[in-house]
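Dropping coords-v7.pdb in here (PDB, C-alpha atoms):
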```
ATOM      1  CA  MET A   1      44.472 -28.438  -1.869
ATOM      2  CA  ILE A   2      43.610 -31.505  -3.940
ATOM      3  CA  GLN A   3      45.989 -32.501  -6.663
ATOM      4  CA  PHE A   4      44.338 -34.010  -9.736
ATOM      5  CA  VAL A   5      46.808 -36.065 -11.695
ATOM      6  CA  SER A   6      46.695 -38.443 -14.606
ATOM      7  CA  ILE A   7      48.577 -41.331 -16.113
ATOM      8  CA  SER A   8      49.547 -41.602 -19.776
ATOM      9  CA  ALA A   9      46.694 -44.024 -20.481
ATOM     10  CA  PHE A  10      44.140 -41.465 -19.357
ATOM     11  CA  ARG A  11      45.691 -38.717 -21.457
ATOM     12  CA  ALA A  12      45.778 -41.015 -24.485
ATOM     13  CA  ALA A  13      42.125 -41.936 -23.990
ATOM     14  CA  LEU A  14      41.197 -38.282 -23.585
ATOM     15  CA  SER A  15      43.131 -37.318 -26.679
ATOM     16  CA  ASP A  16      41.409 -40.038 -28.709
ATOM     17  CA  LEU A  17      38.009 -38.801 -27.589
ATOM     18  CA  LEU A  18      38.789 -35.201 -28.496
ATOM     19  CA  LYS A  19      40.006 -36.216 -31.952
ATOM     20  CA  VAL A  20      36.702 -37.807 -32.961
ATOM     21  CA  ARG A  21      35.064 -35.967 -35.826
ATOM     22  CA  HIS A  22      32.276 -33.471 -35.360
ATOM     23  CA  GLY A  23      33.263 -32.990 -31.725
ATOM     24  CA  VAL A  24      31.158 -35.928 -30.642
ATOM     25  CA  TYR A  25      32.994 -36.195 -27.344
ATOM     26  CA  SER A  26      34.041 -32.586 -26.978
ATOM     27  CA  GLY A  27      32.171 -32.250 -23.695
ATOM     28  CA  VAL A  28      34.221 -34.845 -21.826
ATOM     29  CA  GLN A  29      36.624 -32.444 -20.111
ATOM     30  CA  GLU A  30      33.737 -30.273 -18.987
ATOM     31  CA  GLU A  31      31.952 -33.253 -17.469
ATOM     32  CA  ILE A  32      35.041 -34.408 -15.584
ATOM     33  CA  CYS A  33      35.755 -30.933 -14.253
ATOM     34  CA  ARG A  34      32.133 -30.424 -13.250
ATOM     35  CA  ALA A  35      32.188 -33.651 -11.258
ATOM     36  CA  PHE A  36      35.176 -32.594  -9.163
ATOM     37  CA  GLN A  37      35.129 -28.821  -8.977
ATOM     38  CA  ASN A  38      34.522 -27.640  -5.417
ATOM     39  CA  ALA A  39      34.171 -31.210  -4.184
ATOM     40  CA  PRO A  40      35.944 -31.839  -0.886
ATOM     41  CA  ILE A  41      38.340 -34.792  -0.789
ATOM     42  CA  GLU A  42      36.120 -36.697   1.645
ATOM     43  CA  GLN A  43      33.289 -36.595  -0.880
ATOM     44  CA  ILE A  44      35.577 -37.726  -3.700
ATOM     45  CA  ARG A  45      36.793 -40.630  -1.562
ATOM     46  CA  SER A  46      33.351 -41.706  -0.506
ATOM     47  CA  ASN A  47      31.667 -41.451  -3.891
ATOM     48  CA  ARG A  48      29.339 -44.392  -3.816
ATOM     49  CA  ASP A  49      28.629 -44.471  -7.525
ATOM     50  CA  MET A  50      30.747 -47.558  -8.036
ATOM     51  CA  VAL A  51      33.566 -48.257  -5.658
ATOM     52  CA  LEU A  52      35.529 -50.958  -7.428
ATOM     53  CA  MET A  53      38.210 -51.498  -4.807
ATOM     54  CA  ASP A  54      38.751 -50.096  -1.339
ATOM     55  CA  LEU A  55      42.152 -50.742   0.241
ATOM     56  CA  ASP A  56      44.852 -48.170   1.068
ATOM     57  CA  SER A  57      43.479 -46.254  -1.873
ATOM     58  CA  VAL A  58      39.995 -46.254  -3.329
ATOM     59  CA  THR A  59      39.353 -47.041  -6.982
ATOM     60  CA  ILE A  60      36.097 -45.700  -8.295
ATOM     61  CA  LYS A  61      34.175 -45.915 -11.530
ATOM     62  CA  LEU A  62      32.263 -42.674 -11.873
ATOM     63  CA  ARG A  63      29.326 -42.400 -14.241
ATOM     64  CA  LEU A  64      29.168 -39.029 -15.963
ATOM     65  CA  PRO A  65      26.476 -37.603 -18.215
ATOM     66  CA  ASP A  66      27.230 -35.927 -21.516
ATOM     67  CA  LYS A  67      25.182 -32.767 -21.403
ATOM     68  CA  ARG A  68      26.323 -31.651 -24.836
ATOM     69  CA  GLN A  69      24.785 -34.716 -26.388
ATOM     70  CA  HIS A  70      21.887 -34.776 -23.911
ATOM     71  CA  LEU A  71      22.972 -38.132 -22.570
ATOM     72  CA  SER A  72      22.258 -39.285 -19.040
ATOM     73  CA  LYS A  73      24.797 -40.884 -16.729
ATOM     74  CA  SER A  74      23.828 -44.285 -18.088
ATOM     75  CA  ASP A  75      24.787 -43.274 -21.616
ATOM     76  CA  GLY A  76      27.541 -40.739 -20.973
ATOM     77  CA  TYR A  77      31.073 -41.471 -19.844
ATOM     78  CA  ARG A  78      32.795 -43.702 -17.372
ATOM     79  CA  LEU A  79      35.769 -42.237 -15.528
ATOM     80  CA  ILE A  80      37.971 -44.613 -13.564
ATOM     81  CA  TYR A  81      39.947 -42.853 -10.900
ATOM     82  CA  LEU A  82      42.000 -43.739  -7.877
ATOM     83  CA  VAL A  83      42.095 -41.565  -4.765
ATOM     84  CA  LEU A  84      44.629 -41.932  -1.971
ATOM     85  CA  LYS A  85      43.393 -42.210   1.582
ATOM     86  CA  ASP A  86      46.348 -40.520   3.269
ATOM     87  CA  MET A  87      46.909 -37.616   0.844
ATOM     88  CA  PRO A  88      44.568 -35.468  -1.249
ATOM     89  CA  VAL A  89      45.602 -36.953  -4.588
ATOM     90  CA  VAL A  90      43.090 -38.004  -7.228
ATOM     91  CA  ALA A  91      44.518 -39.951 -10.168
ATOM     92  CA  PHE A  92      42.573 -40.298 -13.389
ATOM     93  CA  LEU A  93      43.278 -43.737 -14.869
ATOM     94  CA  THR A  94      41.029 -43.816 -17.913
ATOM     95  CA  VAL A  95      37.846 -42.454 -19.419
ATOM     96  CA  TYR A  96      35.560 -43.973 -22.017
ATOM     97  CA  PRO A  97      32.160 -43.272 -23.549
ATOM     98  CA  LYS A  98      29.195 -45.619 -23.365
ATOM     99  CA  ARG A  99      27.884 -44.552 -26.762
ATOM    100  CA  GLY A 100      29.103 -43.442 -30.121
ATOM    101  CA  PRO A 101      32.053 -44.435 -32.317
ATOM    102  CA  LEU A 102      34.435 -45.090 -29.410
ATOM    103  CA  GLN A 103      31.926 -46.696 -27.117
ATOM    104  CA  GLN A 104      33.143 -49.209 -24.609
ATOM    105  CA  LEU A 105      30.588 -51.231 -22.768
ATOM    106  CA  ASP A 106      32.711 -52.486 -19.886
ATOM    107  CA  ILE A 107      36.150 -52.456 -18.361
ATOM    108  CA  PRO A 108      37.506 -55.879 -17.501
ATOM    109  CA  ASP A 109      39.557 -56.648 -14.416
ATOM    110  CA  ALA A 110      42.672 -57.216 -16.576
ATOM    111  CA  GLU A 111      42.482 -53.724 -18.029
ATOM    112  CA  LEU A 112      42.085 -52.174 -14.589
ATOM    113  CA  LYS A 113      45.106 -54.125 -13.380
ATOM    114  CA  GLU A 114      47.135 -52.717 -16.235
ATOM    115  CA  LEU A 115      46.019 -49.178 -15.415
ATOM    116  CA  VAL A 116      46.946 -49.536 -11.761
ATOM    117  CA  GLU A 117      50.357 -50.902 -12.770
ATOM    118  CA  ILE A 118      50.907 -47.939 -15.061
ATOM    119  CA  PHE A 119      49.934 -45.661 -12.186
ATOM    120  CA  THR A 120      52.510 -47.168  -9.824
ATOM    121  CA  ILE A 121      55.259 -47.133 -12.460
ATOM    122  CA  GLU A 122      54.613 -43.566 -13.570
ATOM    123  CA  SER A 123      54.144 -42.349 -10.002
ATOM    124  CA  ARG A 124      57.502 -43.770  -8.915
ATOM    125  CA  ALA A 125      59.131 -42.202 -11.982
ATOM    126  CA  ARG A 126      57.340 -38.887 -11.277
ATOM    127  CA  GLN A 127      55.810 -39.024 -14.723
ATOM    128  CA  ILE A 128      52.240 -38.409 -13.661
ATOM    129  CA  VAL A 129      50.854 -35.079 -14.837
ATOM    130  CA  ILE A 130      48.950 -32.543 -12.745
ATOM    131  CA  HIS A 131      45.753 -31.010 -14.118
ATOM    132  CA  ASP A 132      43.815 -27.849 -13.372
ATOM    133  CA  ILE A 133      40.304 -29.002 -12.538
ATOM    134  CA  ASN A 134      39.100 -25.406 -12.898
ATOM    135  CA  ASP A 135      40.511 -24.947 -16.396
ATOM    136  CA  HIS A 136      39.438 -27.844 -18.615
ATOM    137  CA  LEU A 137      42.071 -30.205 -17.183
ATOM    138  CA  LYS A 138      44.886 -28.026 -18.451
ATOM    139  CA  GLU A 139      48.245 -29.580 -17.632
ATOM    140  CA  ILE A 140      50.202 -27.814 -14.919
ATOM    141  CA  GLN A 141      53.974 -27.805 -14.709
ATOM    142  CA  LEU A 142      55.428 -28.149 -11.230
TER     143      LEU A 142
ATOM    144  CA  MET B 143      28.401 -59.449   3.089
ATOM    145  CA  CYS B 144      25.587 -57.478   1.528
ATOM    146  CA  GLN B 145      21.958 -57.925   2.360
ATOM    147  CA  THR B 146      21.698 -60.785  -0.095
ATOM    148  CA  ALA B 147      18.342 -62.075   1.038
ATOM    149  CA  GLU B 148      16.782 -58.625   0.623
ATOM    150  CA  ILE B 149      18.298 -58.195  -2.813
ATOM    151  CA  SER B 150      17.151 -61.660  -3.840
ATOM    152  CA  ARG B 151      13.613 -60.933  -2.675
ATOM    153  CA  HIS B 152      13.607 -57.597  -4.485
ATOM    154  CA  ILE B 153      14.816 -59.253  -7.673
ATOM    155  CA  GLY B 154      12.255 -62.003  -7.309
ATOM    156  CA  ARG B 155       9.419 -59.493  -7.005
ATOM    157  CA  ILE B 156      10.509 -57.656 -10.131
ATOM    158  CA  GLY B 157      11.008 -60.872 -12.051
ATOM    159  CA  ARG B 158       7.533 -62.159 -11.232
ATOM    160  CA  ARG B 159       5.803 -58.865 -11.985
ATOM    161  CA  SER B 160       7.596 -58.263 -15.258
ATOM    162  CA  PHE B 161       7.038 -61.842 -16.379
ATOM    163  CA  ASP B 162       3.368 -61.549 -15.558
ATOM    164  CA  ARG B 163       3.325 -58.286 -17.472
ATOM    165  CA  ARG B 164       4.842 -59.926 -20.507
ATOM    166  CA  MET B 165       2.248 -62.658 -20.543
ATOM    167  CA  ARG B 166      -0.576 -60.161 -20.383
ATOM    168  CA  LEU B 167       0.998 -57.917 -23.025
ATOM    169  CA  ALA B 168       0.971 -60.874 -25.380
ATOM    170  CA  SER B 169      -2.786 -61.180 -25.036
ATOM    171  CA  PRO B 170      -4.939 -59.483 -27.702
ATOM    172  CA  LEU B 171      -7.292 -58.466 -24.899
ATOM    173  CA  PHE B 172      -4.483 -56.579 -23.138
ATOM    174  CA  VAL B 173      -5.285 -53.311 -21.439
ATOM    175  CA  GLU B 174      -2.659 -51.812 -19.206
ATOM    176  CA  ARG B 175      -3.740 -51.044 -15.698
ATOM    177  CA  GLN B 176      -2.765 -47.474 -15.052
ATOM    178  CA  GLY B 177       0.835 -47.033 -14.048
ATOM    179  CA  GLU B 178       1.577 -50.741 -13.828
ATOM    180  CA  VAL B 179       4.608 -50.687 -16.097
ATOM    181  CA  ALA B 180       5.836 -47.545 -14.370
ATOM    182  CA  ARG B 181       5.618 -49.334 -11.026
ATOM    183  CA  ILE B 182       7.744 -52.199 -12.299
ATOM    184  CA  LEU B 183      10.308 -49.773 -13.656
ATOM    185  CA  ASN B 184      10.346 -47.887 -10.352
ATOM    186  CA  GLU B 185      11.171 -51.182  -8.634
ATOM    187  CA  VAL B 186      13.975 -51.763 -11.102
ATOM    188  CA  ASP B 187      15.364 -48.309 -10.322
ATOM    189  CA  ARG B 188      15.302 -49.123  -6.618
ATOM    190  CA  LEU B 189      17.052 -52.423  -7.242
ATOM    191  CA  SER B 190      19.703 -50.683  -9.283
ATOM    192  CA  ASP B 191      20.255 -48.070  -6.556
ATOM    193  CA  ARG B 192      20.543 -50.797  -3.960
ATOM    194  CA  LEU B 193      23.091 -52.735  -5.986
ATOM    195  CA  HIS B 194      25.138 -49.557  -6.464
ATOM    196  CA  ASP B 195      24.995 -48.746  -2.751
ATOM    197  CA  GLU B 196      25.942 -52.248  -1.647
ATOM    198  CA  PHE B 197      28.360 -52.978  -4.479
ATOM    199  CA  ILE B 198      31.524 -52.809  -2.386
ATOM    200  CA  THR B 199      30.119 -55.347   0.112
ATOM    201  CA  ILE B 200      28.914 -57.940  -2.407
ATOM    202  CA  THR B 201      30.766 -61.265  -2.122
ATOM    203  CA  GLU B 202      30.986 -64.289  -4.372
ATOM    204  CA  ASP B 203      28.541 -66.117  -2.115
ATOM    205  CA  ASP B 204      26.067 -63.248  -2.422
ATOM    206  CA  TYR B 205      26.335 -63.272  -6.204
ATOM    207  CA  ARG B 206      25.889 -67.030  -6.287
ATOM    208  CA  MET B 207      22.538 -66.454  -4.621
ATOM    209  CA  PHE B 208      21.141 -63.525  -6.571
ATOM    210  CA  GLY B 209      23.220 -63.577  -9.762
ATOM    211  CA  PRO B 210      21.051 -66.049 -11.715
ATOM    212  CA  GLU B 211      17.909 -64.180 -10.715
ATOM    213  CA  LEU B 212      19.464 -60.896 -11.764
ATOM    214  CA  LYS B 213      20.166 -62.342 -15.204
ATOM    215  CA  ILE B 214      16.528 -63.426 -15.442
ATOM    216  CA  VAL B 215      15.354 -59.917 -14.579
ATOM    217  CA  ILE B 216      17.610 -58.511 -17.300
ATOM    218  CA  SER B 217      16.373 -60.919 -19.958
ATOM    219  CA  THR B 218      12.752 -60.439 -18.891
ATOM    220  CA  LEU B 219      13.155 -56.660 -19.042
ATOM    221  CA  LYS B 220      14.602 -57.000 -22.543
ATOM    222  CA  ALA B 221      11.643 -59.068 -23.625
ATOM    223  CA  LEU B 222       9.219 -56.648 -21.971
ATOM    224  CA  ARG B 223      10.859 -53.806 -23.828
ATOM    225  CA  ARG B 224      10.613 -55.637 -27.158
ATOM    226  CA  GLU B 225       6.930 -56.272 -26.660
ATOM    227  CA  SER B 226       6.268 -52.752 -25.392
ATOM    228  CA  GLN B 227       7.727 -51.336 -28.583
ATOM    229  CA  SER B 228       4.808 -52.731 -30.535
ATOM    230  CA  ARG B 229       2.261 -51.071 -28.230
ATOM    231  CA  PRO B 230       1.928 -47.327 -28.922
ATOM    232  CA  GLU B 231       0.597 -46.677 -25.428
ATOM    233  CA  LEU B 232       3.743 -48.206 -23.886
ATOM    234  CA  ARG B 233       6.406 -46.696 -26.131
ATOM    235  CA  ARG B 234       6.971 -43.900 -23.657
ATOM    236  CA  TYR B 235       8.700 -46.417 -21.375
ATOM    237  CA  ASP B 236      11.130 -47.541 -24.047
ATOM    238  CA  GLU B 237      14.022 -45.208 -23.278
ATOM    239  CA  ARG B 238      13.769 -45.774 -19.559
ATOM    240  CA  MET B 239      13.820 -49.546 -20.032
ATOM    241  CA  ARG B 240      16.797 -49.261 -22.351
ATOM    242  CA  GLU B 241      18.790 -47.363 -19.723
ATOM    243  CA  GLN B 242      17.784 -49.732 -16.967
ATOM    244  CA  ILE B 243      18.850 -52.771 -18.979
ATOM    245  CA  LEU B 244      22.223 -51.148 -19.676
ATOM    246  CA  ASP B 245      22.648 -50.284 -16.031
ATOM    247  CA  LEU B 246      21.828 -53.758 -14.762
ATOM    248  CA  GLU B 247      24.051 -55.413 -17.368
ATOM    249  CA  GLU B 248      26.914 -53.163 -16.365
ATOM    250  CA  LEU B 249      26.326 -53.893 -12.678
ATOM    251  CA  ASP B 250      26.213 -57.621 -13.377
ATOM    252  CA  HIS B 251      29.480 -57.448 -15.291
ATOM    253  CA  ASP B 252      31.214 -55.309 -12.675
ATOM    254  CA  ILE B 253      30.174 -57.570  -9.813
ATOM    255  CA  VAL B 254      31.833 -60.503 -11.570
ATOM    256  CA  GLU B 255      34.963 -58.575 -12.536
ATOM    257  CA  PHE B 256      35.549 -56.510  -9.401
ATOM    258  CA  ARG B 257      33.840 -58.297  -6.549
ATOM    259  CA  ILE B 258      34.676 -61.858  -7.546
ATOM    260  CA  LYS B 259      37.723 -61.896  -9.827
ATOM    261  CA  ALA B 260      39.658 -58.855  -8.613
ATOM    262  CA  PRO B 261      39.929 -59.874  -4.919
ATOM    263  CA  LYS B 262      41.456 -63.189  -6.064
ATOM    264  CA  ASP B 263      43.921 -61.490  -8.366
ATOM    265  CA  GLU B 264      47.081 -61.524  -6.230
ATOM    266  CA  GLU B 265      49.067 -59.466  -8.657
ATOM    267  CA  LEU B 266      46.451 -56.715  -8.623
ATOM    268  CA  GLN B 267      46.162 -56.791  -4.851
ATOM    269  CA  GLN B 268      49.946 -56.539  -4.477
ATOM    270  CA  THR B 269      50.128 -53.649  -6.909
ATOM    271  CA  LEU B 270      47.409 -51.804  -5.043
ATOM    272  CA  ALA B 271      49.149 -52.448  -1.737
ATOM    273  CA  SER B 272      52.410 -51.034  -3.116
ATOM    274  CA  ILE B 273      50.821 -47.633  -3.706
ATOM    275  CA  LYS B 274      51.186 -46.705  -0.043
ATOM    276  CA  ASP B 275      54.994 -46.858  -0.412
ATOM    277  CA  ILE B 276      55.090 -44.248  -3.170
ATOM    278  CA  ASP B 277      56.096 -40.722  -2.178
ATOM    279  CA  PHE B 278      53.612 -38.156  -3.494
ATOM    280  CA  SER B 279      54.718 -35.290  -1.266
ATOM    281  CA  TYR B 280      56.552 -33.615  -4.152
ATOM    282  CA  LEU B 281      53.141 -32.768  -5.664
ATOM    283  CA  PHE B 282      52.534 -30.334  -2.828
ATOM    284  CA  LYS B 283      55.825 -28.437  -2.852
TER     285      LYS B 283
END
```
Could you take the file, read its structure, and then write that structure out as structure tokens?
Amino acid sequence: MIQFVSISAFRAALSDLLKVRHGVYSGVQEEICRAFQNAPIEQIRSNRDMVLMDLDSVTIKLRLPDKRQHLSKSDGYRLIYLVLKDMPVVAFLTVYPKRGPLQQLDIPDAELKELVEIFTIESRARQIVIHDINDHLKEIQL
Amino acid sequence: MCQTAEISRHIGRIGRRSFDRRMRLASPLFVERQGEVARILNEVDRLSDRLHDEFITITEDDYRMFGPELKIVISTLKALRRESQSRPELRRYDERMREQILDLEELDHDIVEFRIKAPKDEELQQTLASIKDIDFSYLFK
């Protein structure tokens, strides 16, 4: 069983996207779930879309389309996630759109560093949240 | 180390073809040879795929070799796109060029940030290394 978890920064980013008027980014959860549903952990770890860092864990930038807005992977979303090599844990660090009112063109190294730090702090404090990848990333209580 | 020489050659081929294309587009006697722009764009797609595939192996030395050429390809593609927009018979390539430019710019940025800067960032490397000491077993109880 793979556990999909998130840090507060991811949930804040997701919340911001879902708040945008006219449901511009309302498809984001669907796209994330679609990317990971039924995917074995080996595939998630070896996703060659954009492996940013590969050490004891793998940090990946995944390009996602936005089917609701008919946007390709180039124009859709970017999901930054970290996957452990020794346990089936996938941690969502942040998500951002490439177009629209909240568009972000890039993620700098400094921002990624901050996200990884948040991940280690919240993981140690057991503050990371588990999500149901088969139910729109609904939060699951342990 | 990635196959820098191959990437450099690939970039060089695209750069020369797209530059040549631009010069001919500017001519009032221009007539596109069938599929020529599409062939250039296919090459750009292949370059992009290659850079994605080899991303994790790219080093600073590699980027020093092909980085400047990559920037030239990006700026030449932008110029080609601008000129194509004024030619009705070439407008169908506009969207594809737009996406390719975005993709290459993003790749260029990410190579600098994550293949050159991030490995030198000791704080980041230490933080990443510390992840293996965190106990995640409670997630499976």
Nearby residues (only C-alpha atoms) at most 9 Å from Val254 of chain B, same-chain spacing under 5 positions excluded, as a VMD selection string: chain B and resid 202 205 249 259 to 260
Output file for the selection above: C-alpha atoms, as a tab-separated table (two decimals), in the coordinates of the input:
```tsv
chain	number	residue	atom	x	y	z
B	202	GLU	CA	30.99	-64.29	-4.37
B	205	TYR	CA	26.34	-63.27	-6.20
B	249	LEU	CA	26.33	-53.89	-12.68
B	259	LYS	CA	37.72	-61.90	-9.83
B	260	ALA	CA	39.66	-58.86	-8.61
```
I'd like the neighbourhood of Ser226 of chain B as a list in words, where a residue qualifies if any of its atoms comes within 8 Å (using all atoms listed in the file), though same-chain residues fewer than 6 positions away should be ignored. Leu167, Leu232, Arg233, Tyr235 and Asp236 of chain B
Contacts from chain B to chain A, 10 Å maximum, all atoms listed in the file: show me the residue list as a ChimeraX atom specification. /B:191,193-199,240-245,247-249,251-261,263,265-267,269-283
Neighbours of Leu93 of chain A within 7 Å (all atoms listed in the file; same-chain residues fewer than 6 positions away dropped), as a list in words?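 My list of contacting residues is Ser6, Ile7, Ala9, Phe10, Ile80, Tyr81 and Leu115 of chain A.
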12 Å contact set for Lys67 of chain A, all atoms listed in the file, chain neighbours under 6 positions out, as a PDB file with C-alpha atoms, keeping the file's coordinate frame:
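So the final result, stored in result.pdb, reads:
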```pdb
ATOM      1  CA  VAL A  24      31.158 -35.928 -30.642  1.00  0.00           C
ATOM      2  CA  TYR A  25      32.994 -36.195 -27.344  1.00  0.00           C
ATOM      3  CA  SER A  26      34.041 -32.586 -26.978  1.00  0.00           C
ATOM      4  CA  GLY A  27      32.171 -32.250 -23.695  1.00  0.00           C
ATOM      5  CA  VAL A  28      34.221 -34.845 -21.826  1.00  0.00           C
ATOM      6  CA  GLN A  29      36.624 -32.444 -20.111  1.00  0.00           C
ATOM      7  CA  GLU A  30      33.737 -30.273 -18.987  1.00  0.00           C
ATOM      8  CA  GLU A  31      31.952 -33.253 -17.469  1.00  0.00           C
ATOM      9  CA  ILE A  32      35.041 -34.408 -15.584  1.00  0.00           C
ATOM     10  CA  ARG A  34      32.133 -30.424 -13.250  1.00  0.00           C
ATOM     11  CA  LYS A  73      24.797 -40.884 -16.729  1.00  0.00           C
ATOM     12  CA  ASP A  75      24.787 -43.274 -21.616  1.00  0.00           C
ATOM     13  CA  GLY A  76      27.541 -40.739 -20.973  1.00  0.00           C
ATOM     14  CA  TYR A  77      31.073 -41.471 -19.844  1.00  0.00           C
TER      15      TYR A  77
END
```
When you count all atoms listed in the file, which of these residues is closest to Lys220 of chain B: B:Glu178, B:Asp204, B:Glu237, B:Glu148?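 With all atoms listed in the file as the atom set, the closest residue is B:Glu237.
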So how far away is atom CA of Arg224 of chain B from atom CA of Phe208 of chain B, in Å? 24.4 Å
So which one's closest to Leu246 of chain B, B:Ser150, B:Asn184, B:Ser217, B:Thr201? Using all atoms listed in the file, please.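 Using all atoms listed in the file, the shortest distance to Leu246 of chain B belongs to B:Ser217.
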Listed atoms of segment 271-277 of chain B boxed axis-aligned with 8 Å per side, centre + edges as JSON:
```
{"center_x": 52.6, "center_y": -46.6, "center_z": -1.9, "size_x": 22.9, "size_y": 27.7, "size_z": 19.7}
```
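For the atom pair formed by atom CA of Leu189 of chain B and atom CA of Val215 of chain B, the distance is 10.6 Å, given to one decimal.
The two atoms in question, atom CA of Leu64 of chain A and atom CA of Leu79 of chain A, are spaced 7.4 Å apart.
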